[in-house]
Each structure stands twice: as structure tokens, then as C-alpha cells.
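Pasted below: run-v5.tsv, TSV, N, CA and C atoms.
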chain	number	residue	atom	x	y	z
N	248	MET	N	9.76	-46.29	-47.14
N	248	MET	CA	10.70	-47.37	-46.96
N	248	MET	C	10.06	-48.44	-46.07
N	249	PRO	N	10.08	-49.71	-46.49
N	249	PRO	CA	9.47	-50.77	-45.67
N	249	PRO	C	10.24	-50.98	-44.38
N	250	LYS	N	9.49	-51.34	-43.36
N	250	LYS	CA	10.12	-51.60	-42.07
N	250	LYS	C	10.72	-53.00	-42.07
N	251	ARG	N	11.82	-53.16	-41.32
N	251	ARG	CA	12.49	-54.45	-41.19
N	251	ARG	C	12.38	-54.93	-39.76
N	252	LYS	N	12.43	-56.25	-39.58
N	252	LYS	CA	12.43	-56.79	-38.24
N	252	LYS	C	13.80	-56.59	-37.61
N	253	PHE	N	13.79	-56.07	-36.42
N	253	PHE	CA	15.01	-55.86	-35.63
N	253	PHE	C	14.96	-56.91	-34.52
N	254	ILE	N	15.97	-57.75	-34.44
N	254	ILE	CA	15.99	-58.84	-33.46
N	254	ILE	C	17.00	-58.49	-32.37
N	255	ARG	N	16.53	-58.52	-31.12
N	255	ARG	CA	17.41	-58.20	-30.00
N	255	ARG	C	17.08	-59.12	-28.83
N	256	LEU	N	17.91	-59.05	-27.80
N	256	LEU	CA	17.66	-59.84	-26.60
N	256	LEU	C	16.51	-59.23	-25.80
N	257	ALA	N	15.73	-60.09	-25.17
N	257	ALA	CA	14.68	-59.63	-24.27
N	257	ALA	C	15.32	-58.96	-23.06
N	258	PRO	N	14.66	-57.99	-22.46
N	258	PRO	CA	15.22	-57.32	-21.28
N	258	PRO	C	15.49	-58.29	-20.12
N	259	THR	N	14.82	-59.42	-20.11
N	259	THR	CA	14.98	-60.40	-19.03
N	259	THR	C	15.99	-61.50	-19.38
N	260	PHE	N	16.77	-61.31	-20.45
N	260	PHE	CA	17.71	-62.33	-20.92
N	260	PHE	C	18.61	-62.87	-19.81
N	261	THR	N	19.32	-62.00	-19.13
N	261	THR	CA	20.28	-62.48	-18.12
N	261	THR	C	19.58	-63.19	-16.97
N	262	ASP	N	18.40	-62.72	-16.58
N	262	ASP	CA	17.64	-63.40	-15.53
N	262	ASP	C	17.18	-64.78	-15.99
N	263	THR	N	16.75	-64.87	-17.24
N	263	THR	CA	16.29	-66.16	-17.78
N	263	THR	C	17.43	-67.17	-17.78
N	264	ILE	N	18.61	-66.74	-18.18
N	264	ILE	CA	19.78	-67.63	-18.19
N	264	ILE	C	20.15	-68.01	-16.76
N	265	ALA	N	20.11	-67.05	-15.85
N	265	ALA	CA	20.44	-67.33	-14.44
N	265	ALA	C	19.44	-68.29	-13.82
N	266	GLN	N	18.15	-68.15	-14.16
N	266	GLN	CA	17.14	-69.07	-13.63
N	266	GLN	C	17.38	-70.50	-14.08
N	267	ALA	N	17.98	-70.65	-15.26
N	267	ALA	CA	18.32	-71.98	-15.77
N	267	ALA	C	19.61	-72.51	-15.15
N	268	GLU	N	20.21	-71.70	-14.26
N	268	GLU	CA	21.44	-72.05	-13.55
N	268	GLU	C	22.60	-72.32	-14.52
N	269	ILE	N	22.71	-71.42	-15.50
N	269	ILE	CA	23.78	-71.48	-16.49
N	269	ILE	C	24.54	-70.16	-16.44
N	270	SER	N	25.86	-70.22	-16.38
N	270	SER	CA	26.64	-68.98	-16.46
N	270	SER	C	26.61	-68.49	-17.90
N	271	LEU	N	26.86	-67.21	-18.08
N	271	LEU	CA	26.88	-66.67	-19.45
N	271	LEU	C	27.99	-67.31	-20.28
N	272	ALA	N	29.13	-67.61	-19.66
N	272	ALA	CA	30.22	-68.26	-20.38
N	272	ALA	C	29.82	-69.67	-20.83
N	273	GLU	N	29.19	-70.40	-19.93
N	273	GLU	CA	28.73	-71.75	-20.26
N	273	GLU	C	27.65	-71.70	-21.34
N	274	PHE	N	26.76	-70.73	-21.23
N	274	PHE	CA	25.69	-70.57	-22.22
N	274	PHE	C	26.28	-70.25	-23.59
N	275	ALA	N	27.28	-69.38	-23.63
N	275	ALA	CA	27.93	-69.04	-24.90
N	275	ALA	C	28.52	-70.29	-25.55
N	276	ARG	N	29.19	-71.12	-24.77
N	276	ARG	CA	29.75	-72.36	-25.31
N	276	ARG	C	28.66	-73.28	-25.83
N	277	GLU	N	27.59	-73.43	-25.06
N	277	GLU	CA	26.47	-74.29	-25.47
N	277	GLU	C	25.84	-73.80	-26.78
N	278	ALA	N	25.77	-72.49	-26.94
N	278	ALA	CA	25.14	-71.89	-28.13
N	278	ALA	C	26.12	-71.76	-29.30
N	279	THR	N	27.38	-72.05	-29.08
N	279	THR	CA	28.45	-71.83	-30.07
N	279	THR	C	28.45	-70.39	-30.59
N	280	VAL	N	28.32	-69.48	-29.64
N	280	VAL	CA	28.37	-68.04	-29.90
N	280	VAL	C	29.44	-67.48	-28.97
N	281	SER	N	30.25	-66.57	-29.45
N	281	SER	CA	31.32	-66.03	-28.60
N	281	SER	C	30.75	-65.26	-27.42
N	282	GLU	N	31.50	-65.29	-26.33
N	282	GLU	CA	31.10	-64.51	-25.14
N	282	GLU	C	31.02	-63.03	-25.48
N	283	SER	N	31.93	-62.55	-26.33
N	283	SER	CA	31.91	-61.12	-26.67
N	283	SER	C	30.65	-60.76	-27.45
N	284	THR	N	30.14	-61.67	-28.27
N	284	THR	CA	28.89	-61.42	-28.99
N	284	THR	C	27.75	-61.27	-27.99
N	285	ILE	N	27.68	-62.19	-27.03
N	285	ILE	CA	26.62	-62.10	-26.02
N	285	ILE	C	26.76	-60.82	-25.21
N	286	PHE	N	27.99	-60.47	-24.81
N	286	PHE	CA	28.21	-59.24	-24.06
N	286	PHE	C	27.71	-58.03	-24.84
N	287	HIS	N	28.02	-57.97	-26.14
N	287	HIS	CA	27.61	-56.82	-26.95
N	287	HIS	C	26.10	-56.80	-27.17
N	288	LEU	N	25.48	-57.97	-27.22
N	288	LEU	CA	24.02	-58.00	-27.35
N	288	LEU	C	23.34	-57.55	-26.05
N	289	ILE	N	23.96	-57.88	-24.91
N	289	ILE	CA	23.42	-57.45	-23.61
N	289	ILE	C	23.65	-55.95	-23.41
N	290	ASN	N	24.81	-55.46	-23.87
N	290	ASN	CA	25.22	-54.06	-23.67
N	290	ASN	C	25.47	-53.37	-25.02
N	291	PRO	N	24.43	-53.14	-25.82
N	291	PRO	CA	24.67	-52.56	-27.15
N	291	PRO	C	25.30	-51.17	-27.12
N	292	ALA	N	25.14	-50.44	-26.03
N	292	ALA	CA	25.73	-49.10	-25.94
N	292	ALA	C	27.26	-49.15	-25.86
N	293	SER	N	27.80	-50.32	-25.54
N	293	SER	CA	29.26	-50.44	-25.44
N	293	SER	C	29.93	-50.38	-26.81
N	294	HIS	N	29.16	-50.53	-27.87
N	294	HIS	CA	29.68	-50.42	-29.24
N	294	HIS	C	28.70	-49.59	-30.07
N	295	PRO	N	28.78	-48.28	-29.95
N	295	PRO	CA	27.82	-47.41	-30.64
N	295	PRO	C	27.86	-47.53	-32.16
N	296	GLU	N	28.97	-48.04	-32.73
N	296	GLU	CA	29.05	-48.18	-34.18
N	296	GLU	C	28.22	-49.36	-34.70
N	297	ARG	N	27.86	-50.26	-33.80
N	297	ARG	CA	26.99	-51.38	-34.18
N	297	ARG	C	25.54	-50.96	-34.07
N	298	LYS	N	24.71	-51.63	-34.84
N	298	LYS	CA	23.28	-51.32	-34.80
N	298	LYS	C	22.60	-51.96	-33.59
N	299	GLY	N	23.21	-52.98	-32.99
N	299	GLY	CA	22.69	-53.56	-31.76
N	299	GLY	C	21.80	-54.77	-31.93
N	300	GLY	N	21.43	-55.11	-33.14
N	300	GLY	CA	20.59	-56.28	-33.36
N	300	GLY	C	21.42	-57.52	-33.60
N	301	MET	N	20.72	-58.61	-33.92
N	301	MET	CA	21.42	-59.85	-34.23
N	301	MET	C	20.76	-60.52	-35.41
N	302	ARG	N	21.49	-61.44	-35.99
N	302	ARG	CA	20.95	-62.23	-37.09
N	302	ARG	C	20.01	-63.29	-36.55
N	303	ARG	N	19.07	-63.67	-37.37
N	303	ARG	CA	18.10	-64.69	-36.98
N	303	ARG	C	18.80	-66.00	-36.60
N	304	GLU	N	19.87	-66.36	-37.31
N	304	GLU	CA	20.60	-67.60	-37.00
N	304	GLU	C	21.19	-67.55	-35.59
N	305	THR	N	21.71	-66.41	-35.20
N	305	THR	CA	22.26	-66.26	-33.85
N	305	THR	C	21.15	-66.37	-32.81
N	306	ALA	N	20.01	-65.76	-33.09
N	306	ALA	CA	18.88	-65.84	-32.16
N	306	ALA	C	18.47	-67.29	-31.94
N	307	TRP	N	18.42	-68.06	-33.01
N	307	TRP	CA	18.03	-69.47	-32.87
N	307	TRP	C	19.11	-70.30	-32.19
N	308	LYS	N	20.37	-69.97	-32.39
N	308	LYS	CA	21.44	-70.66	-31.65
N	308	LYS	C	21.23	-70.47	-30.14
N	309	LEU	N	20.91	-69.25	-29.74
N	309	LEU	CA	20.67	-68.96	-28.33
N	309	LEU	C	19.45	-69.71	-27.82
N	310	ALA	N	18.37	-69.68	-28.59
N	310	ALA	CA	17.13	-70.36	-28.19
N	310	ALA	C	17.34	-71.87	-28.09
N	311	ASN	N	18.01	-72.45	-29.06
N	311	ASN	CA	18.24	-73.89	-29.04
N	311	ASN	C	19.13	-74.30	-27.88
N	312	ALA	N	20.10	-73.46	-27.54
N	312	ALA	CA	20.97	-73.76	-26.39
N	312	ALA	C	20.15	-73.78	-25.10
N	313	LEU	N	19.27	-72.79	-24.92
N	313	LEU	CA	18.44	-72.77	-23.72
N	313	LEU	C	17.49	-73.97	-23.71
N	314	SER	N	16.94	-74.31	-24.85
N	314	SER	CA	16.03	-75.45	-24.95
N	314	SER	C	16.72	-76.75	-24.54
N	315	ARG	N	17.96	-76.93	-24.98
N	315	ARG	CA	18.71	-78.15	-24.62
N	315	ARG	C	18.97	-78.24	-23.12
N	316	ARG	N	19.07	-77.10	-22.46
N	316	ARG	CA	19.41	-77.09	-21.02
N	316	ARG	C	18.19	-77.00	-20.10
N	317	THR	N	17.01	-76.85	-20.68
N	317	THR	CA	15.78	-76.70	-19.88
N	317	THR	C	14.70	-77.59	-20.48
N	318	LYS	N	13.51	-77.49	-19.94
N	318	LYS	CA	12.37	-78.24	-20.47
N	318	LYS	C	11.57	-77.41	-21.48
N	319	LEU	N	12.10	-76.28	-21.89
N	319	LEU	CA	11.41	-75.42	-22.85
N	319	LEU	C	11.58	-75.98	-24.27
N	320	THR	N	10.55	-75.82	-25.08
N	320	THR	CA	10.70	-76.14	-26.50
N	320	THR	C	11.57	-75.04	-27.13
N	321	PRO	N	12.14	-75.30	-28.31
N	321	PRO	CA	12.91	-74.23	-28.96
N	321	PRO	C	12.10	-72.94	-29.15
N	322	GLN	N	10.83	-73.06	-29.52
N	322	GLN	CA	10.00	-71.86	-29.71
N	322	GLN	C	9.77	-71.13	-28.39
N	323	GLU	N	9.51	-71.87	-27.31
N	323	GLU	CA	9.33	-71.24	-26.01
N	323	GLU	C	10.61	-70.55	-25.56
N	324	ALA	N	11.75	-71.17	-25.81
N	324	ALA	CA	13.03	-70.56	-25.46
N	324	ALA	C	13.25	-69.29	-26.28
N	325	TYR	N	12.93	-69.35	-27.57
N	325	TYR	CA	13.06	-68.17	-28.43
N	325	TYR	C	12.21	-67.02	-27.87
N	326	ASN	N	10.97	-67.33	-27.52
N	326	ASN	CA	10.07	-66.30	-26.99
N	326	ASN	C	10.56	-65.74	-25.66
N	327	ALA	N	11.25	-66.56	-24.87
N	327	ALA	CA	11.76	-66.11	-23.57
N	327	ALA	C	13.01	-65.23	-23.71
N	328	LEU	N	13.79	-65.46	-24.76
N	328	LEU	CA	15.08	-64.77	-24.90
N	328	LEU	C	15.10	-63.63	-25.90
N	329	ILE	N	14.21	-63.67	-26.88
N	329	ILE	CA	14.34	-62.80	-28.05
N	329	ILE	C	13.11	-61.89	-28.20
N	330	VAL	N	13.37	-60.67	-28.64
N	330	VAL	CA	12.31	-59.71	-28.96
N	330	VAL	C	12.52	-59.30	-30.42
N	331	GLU	N	11.44	-59.33	-31.19
N	331	GLU	CA	11.48	-58.85	-32.57
N	331	GLU	C	10.60	-57.61	-32.65
N	332	GLU	N	11.11	-56.58	-33.29
N	332	GLU	CA	10.33	-55.36	-33.46
N	332	GLU	C	10.55	-54.82	-34.86
N	333	LEU	N	9.56	-54.15	-35.38
N	333	LEU	CA	9.68	-53.51	-36.69
N	333	LEU	C	10.31	-52.14	-36.53
N	334	ARG	N	11.26	-51.87	-37.39
N	334	ARG	CA	11.92	-50.55	-37.37
N	334	ARG	C	11.97	-49.99	-38.76
Can you turn what I pasted into C-alpha cells?
Amino acid sequence: MPKRKFIRLAPTFTDTIAQAEISLAEFAREATVSESTIFHLINPASHPERKGGMRRETAWKLANALSRRTKLTPQEAYNALIVEELR
């Protein structure tokens, strides 16, 4: 069976957002992603029925939101927030 890319938040996600001086609620609004989605991505064990990953579109919404609030390019923001792994 071919492996698929699994997209998740980087372990440093909350620190990266805090360094940008953005609250998680404010960041969720900027990214047009619900706070509950971000909470579940940060704490995947809180919903064991979910696989814990995210869609590529959601990952880019998060990256673009960070890019708009910082001097990072969208790609740099993506690399700072997102981890892709083969599973």
C-alpha cells in the first residue's frame, strides 16, 4: 500500500504563534479556521476517533495567516507551523 502524506502541526506551533504575539483565538479568526479545529490539531488525543491530521487547505490557511501577521513568506510560515510525514 502506498504511503500518504500526513499533515500535522509542528511541535513548536503554540510557541511560534506566541512569539508573533497573537492569541490562539485571534490567530483562528485571522486564518478563518475555528478555534475548536486548532484546539483539536494541538491536542489530537482529545478526540481519539479522529486521525489527527489536517487537510492541505487548512495548513495553508494557517501559514497564510501567520505570514500576514509577520515578516515571514507564506512558505516560511508553512515550514514553521506544519510538519508533513509519510505514513
Closest of N:Ala267, N:Thr259, N:Glu273, N:Arg251 to Thr317 in chain N - atom-to-atom distances counting all atoms listed in the file: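 Going through N:Ala267, N:Thr259, N:Glu273, N:Arg251 one by one, the smallest distance to Thr317 in chain N is for N:Ala267.
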For the structure I just gave you, how does DSSP split chain N - specifically, which residues are helix (DSSP H, G or I)? Reply as an NGL selection string. :N and (260-266 or 271-278 or 282-289 or 291-293 or 303-316 or 321-328)
CA of Thr261 in chain N to CA of Leu319 in chain N, straight-line distance in Å: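 Atom-to-atom, CA of Leu319 in chain N and CA of Thr261 in chain N are spaced 16.4 Å apart.
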I'd like the neighbourhood of Ala312 in chain N as a list in words, where a residue qualifies if any of its atoms comes within 6 Å (using all atoms listed in the file), though same-chain residues fewer than 5 positions away should be ignored.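 Listing them by chain and then by number gives Glu277, Ala278 and Trp307 of chain N.
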May I ask for the distance between atom C of Ala257 in chain N and atom N of Leu288 in chain N, given in Å to one decimal place? 11.0 Å
Distance CA of Ile264 in chain N-CA of Ala324 in chain N, one decimal place?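 We find that CA of Ile264 in chain N and CA of Ala324 in chain N lie 10.3 Å from each other.
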Residues at most 10 Å from Lys250 in chain N, counting only C-alpha atoms, excluding those fewer than 6 positions away in the same chain, as a ChimeraX atom specification? /N:332-334
Nearest to Ser314 in chain N by atom-to-atom distance, counting only C-alpha atoms, from N:Ser281, N:Ser270, N:Ser293, N:Asn326: N:Asn326
